[in-house]
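Worksheet for the structure shown next.
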Amino acid sequence: MKFHGSLRRSLFVAALLASGLFSRAEVNKAEPIAPDVYFHEGDIKGHGHCNNGWIVFEDYVLVIDANFPSGAREIMPKIRAITDKPVRFAFDTHHHGDHAYGNQIWVEQGAVPIAHTGVIEEMKKYETGYYGGKPGRWEDTAKGRADVAASKLKPPTLLFPKEMIFDDGKHRVELHYFGVAHTHGDGFAWLPKERILFTGDACVNGPYNYLADGDTGEWIKTLEAAKKLGAKVVCPGHGPIATGEVLDDQLAYFESLRKEVKKYAHKKPEEVKAAVETIRSSLKKDERIARYVGDGLTSQVEKVYVEMGGKPFVNKQAAAEEHWRHAEAHGRELVQRNGK
Ligand SMILES: [Zn+2]
Ligand SMILES: [Zn+2]
């Protein structure tokens with residue numbers, strides 16, 4: 001039985017790799033990627049949603065990432081169409097709004113939000129409104145997103161410092177912390193039997209890297225650790241599902257970005273800022289990483305330059321724009337632009 005189960009799983013993943021899922025995957029569609037394992041690419045452009053996954057265990061469903069409240073509502077009926085089993089756990093890969101602000105929605109359905117302990121530390125830093133201080137990111141985001149305004153922040157209540165394991169004999173999901181990356185609390189969900197890895201925004205597949213809450217030097221080490229798992233399929237935080245090689249591409253992007261910025265590490269902030277377009281064309285030349293180069297490059301260059309000892313650029317505009325582009329309200333400017 002055991003042999004058949006694992007054989008079935010590896011055949012399924014092999015078929016998946018051969019089926020061209022990676023080229024035909026669609027946004028907002030639940031894709032079975034192994035028996036009882038699903039991937040759902042979120043609509044980042046229209047609604048700022050993150051990607052989700054869910055695993056149907058014998059007695060319950062584990063959802064990967066809570067998404068924004070509207071993102072949670074998007075996938076809930078899709079889970080219900082597949083199984084009657086209750087969603088018991090929602091794993092926040094990190095503290096950003098597009099991954100954790102939907103927690104309350106899942107709690108109302110009877111689920112418990114789970115995260116690495118670092119997620120709470122990050123929330124204490126940025127969600128000052130919730131913790132009794134001045135309005136923080138939630139309040140800021142609520143100004144532009146009706147779904148957030150209508151809900152409330154619910155920090156995760158089940159926390160793990162290093163790892164947590166779900167195993168009912170048939171399915172096994174390991175939540176891991178490998179170090180600082182996109183934030184100071186990035187968790188990964190690893191399915192060792194299927195060799196599927198859910199990375200949150202520690203690995204994305206497209207121009208979605210937001211660096212401000214993380215550290216690119218540490219991020220590279222964390223990705224190296226994640227790579228050791230030997231994933232065949234990677235479900236990134238944003239962008240299409242991919243093979244394990246996307247981890248190498250994401251790593252290569254940070255290595256090249258750091259190498260480029262290092263050339264300017266001893267220059268003045270305005271000189272580095274003036275060099276962004278030169279850096280852009282240099283990074284774009286590398287086919288493997290070209291898809292990571294996007295509108296956020298100025299803030300990415302600035303962040304890496306600051307990590308290398310430089311001072312922030314005088315013009316705060318780029319950082320502010322990038323802030324709005326990412327998690328706290330990808331949706332905000334888009335919602336405003338679309339008049340929704
Ligand atoms: Zn994020
Ligand atoms: Zn995200």
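Identifiers in this document derive from the order of the structure tokens: chains are assigned A, B, ..., residues are numbered from 1 separately in each chain, and ligands are numbered from 1 in order of occurrence.
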Using only C-alpha atoms and all ligand atoms, which residues of chain A come within 9 Å of ligand 1, and what is the closest atom pair for each, with the distance in Å to one decimal? Give it as a Markdown table, sorted by chain and residue number.
| residue | atom | partner | partner_atom_place_in_ligand_line | distance |
| --- | --- | --- | --- | --- |
| A:Cys50 | CA | ligand 1 | 1 (Zn) | 8.5 |
| A:Thr93 | CA | ligand 1 | 1 (Zn) | 8.6 |
| A:His94 | CA | ligand 1 | 1 (Zn) | 6.7 |
| A:His95 | CA | ligand 1 | 1 (Zn) | 7.3 |
| A:His96 | CA | ligand 1 | 1 (Zn) | 5.0 |
| A:Gly97 | CA | ligand 1 | 1 (Zn) | 7.7 |
| A:Asp98 | CA | ligand 1 | 1 (Zn) | 7.0 |
| A:His99 | CA | ligand 1 | 1 (Zn) | 7.0 |
| A:His182 | CA | ligand 1 | 1 (Zn) | 6.7 |
| A:Thr183 | CA | ligand 1 | 1 (Zn) | 7.6 |
| A:Gly200 | CA | ligand 1 | 1 (Zn) | 7.3 |
| A:Asp201 | CA | ligand 1 | 1 (Zn) | 5.1 |
| A:Ala202 | CA | ligand 1 | 1 (Zn) | 7.9 |
| A:Tyr208 | CA | ligand 1 | 1 (Zn) | 8.8 |
| A:Asn209 | CA | ligand 1 | 1 (Zn) | 8.0 |
| A:Tyr210 | CA | ligand 1 | 1 (Zn) | 6.7 |
| A:Leu211 | CA | ligand 1 | 1 (Zn) | 8.8 |
| A:Asp213 | CA | ligand 1 | 1 (Zn) | 8.6 |
| A:Gly237 | CA | ligand 1 | 1 (Zn) | 7.7 |
| A:His238 | CA | ligand 1 | 1 (Zn) | 9.0 |
| A:His326 | CA | ligand 1 | 1 (Zn) | 7.0 |
| A:Ala327 | CA | ligand 1 | 1 (Zn) | 5.5 |
| A:Glu328 | CA | ligand 1 | 1 (Zn) | 8.5 |
For the residues in that selection, give me C-alpha atoms as a PDB file, in the first residue's frame.
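The file below, out_12.pdb, is the result:
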ATOM      1  CA  CYS A  50      -0.963  36.005  -3.289  1.00  0.00           C
ATOM      2  CA  THR A  93       4.209  32.166   5.110  1.00  0.00           C
ATOM      3  CA  HIS A  94       4.966  35.688   6.440  1.00  0.00           C
ATOM      4  CA  HIS A  95       3.346  38.790   7.926  1.00  0.00           C
ATOM      5  CA  HIS A  96       2.506  40.765   4.775  1.00  0.00           C
ATOM      6  CA  GLY A  97      -1.102  41.756   4.178  1.00  0.00           C
ATOM      7  CA  ASP A  98      -1.484  39.738   1.004  1.00  0.00           C
ATOM      8  CA  HIS A  99      -0.538  36.595   2.968  1.00  0.00           C
ATOM      9  CA  HIS A 182      11.923  38.322   2.363  1.00  0.00           C
ATOM     10  CA  THR A 183      11.121  39.134   6.019  1.00  0.00           C
ATOM     11  CA  GLY A 200       5.802  32.280   0.173  1.00  0.00           C
ATOM     12  CA  ASP A 201       7.571  35.399  -1.107  1.00  0.00           C
ATOM     13  CA  ALA A 202      11.005  33.997  -0.219  1.00  0.00           C
ATOM     14  CA  TYR A 208       7.549  40.670  -7.459  1.00  0.00           C
ATOM     15  CA  ASN A 209      10.524  40.857  -5.120  1.00  0.00           C
ATOM     16  CA  TYR A 210       9.944  43.309  -2.294  1.00  0.00           C
ATOM     17  CA  LEU A 211      13.125  43.736  -0.288  1.00  0.00           C
ATOM     18  CA  ASP A 213      11.516  44.027   5.213  1.00  0.00           C
ATOM     19  CA  GLY A 237       4.435  33.370  -3.368  1.00  0.00           C
ATOM     20  CA  HIS A 238       3.572  35.178  -6.598  1.00  0.00           C
ATOM     21  CA  HIS A 326       3.690  45.282  -2.718  1.00  0.00           C
ATOM     22  CA  ALA A 327       1.798  43.511  -0.021  1.00  0.00           C
ATOM     23  CA  GLU A 328       0.244  46.223   2.026  1.00  0.00           C
TER      24      GLU A 328
END
Would you list the contacts of range 103-110 of chain A as number ranges by chain, taking every protein, DNA or RNA residue within 8 Å and counting only C-alpha atoms, but skipping same-chain residues closer than 4 positions in sequence? A: 66-67, 69, 72-73, 86-88, 90, 151-156
Output as a ChimeraX atom specification all residues of range 84-188 of chain A that backbone DSSP marks as strand (DSSP E or B). /A:87-91,112-116,158-160,163-167,172-177,187-188
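Candidate residues A:Ser299, A:Asn52, A:Ser282, A:Thr243 were compared for distance to His40 in chain A, and the nearest is A:Asn52, using only C-alpha atoms.
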Residue nearest ligand 2 among A:Asp36, A:Phe178, A:Cys203, A:Glu26 (counting only C-alpha atoms and all ligand atoms): A:Cys203
So, counting only C-alpha atoms and all ligand atoms, which residue among A:Glu194, A:Asp43, A:Glu163, A:Glu127 is closest to ligand 2? A:Asp43
Taking the backbone alone, and naming residues the way the document does, which bits of range 139-264 of chain A are alpha helix (DSSP H) by DSSP, as a PyMOL selection string? chain A and resi 139-142+146-149+216-227+245-262
Have a look at A:Ile44, A:Val304, A:Leu247, A:Ala225 and name the one nearest to Lys273 in chain A; count only C-alpha atoms.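 That would be A:Val304, the residue with the smallest distance to Lys273 in chain A.
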Counting only C-alpha atoms and all ligand atoms, the residue among A:Tyr101, A:Phe89, A:Tyr292, A:Phe39 that lies closest to ligand 2 is A:Tyr101
Nearest to Val27 in chain A: which of A:His47, A:Pro77, A:Pro207, A:Ala189 is it, counting only C-alpha atoms?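 Distance minimum relative to Val27 in chain A lands on A:His47.
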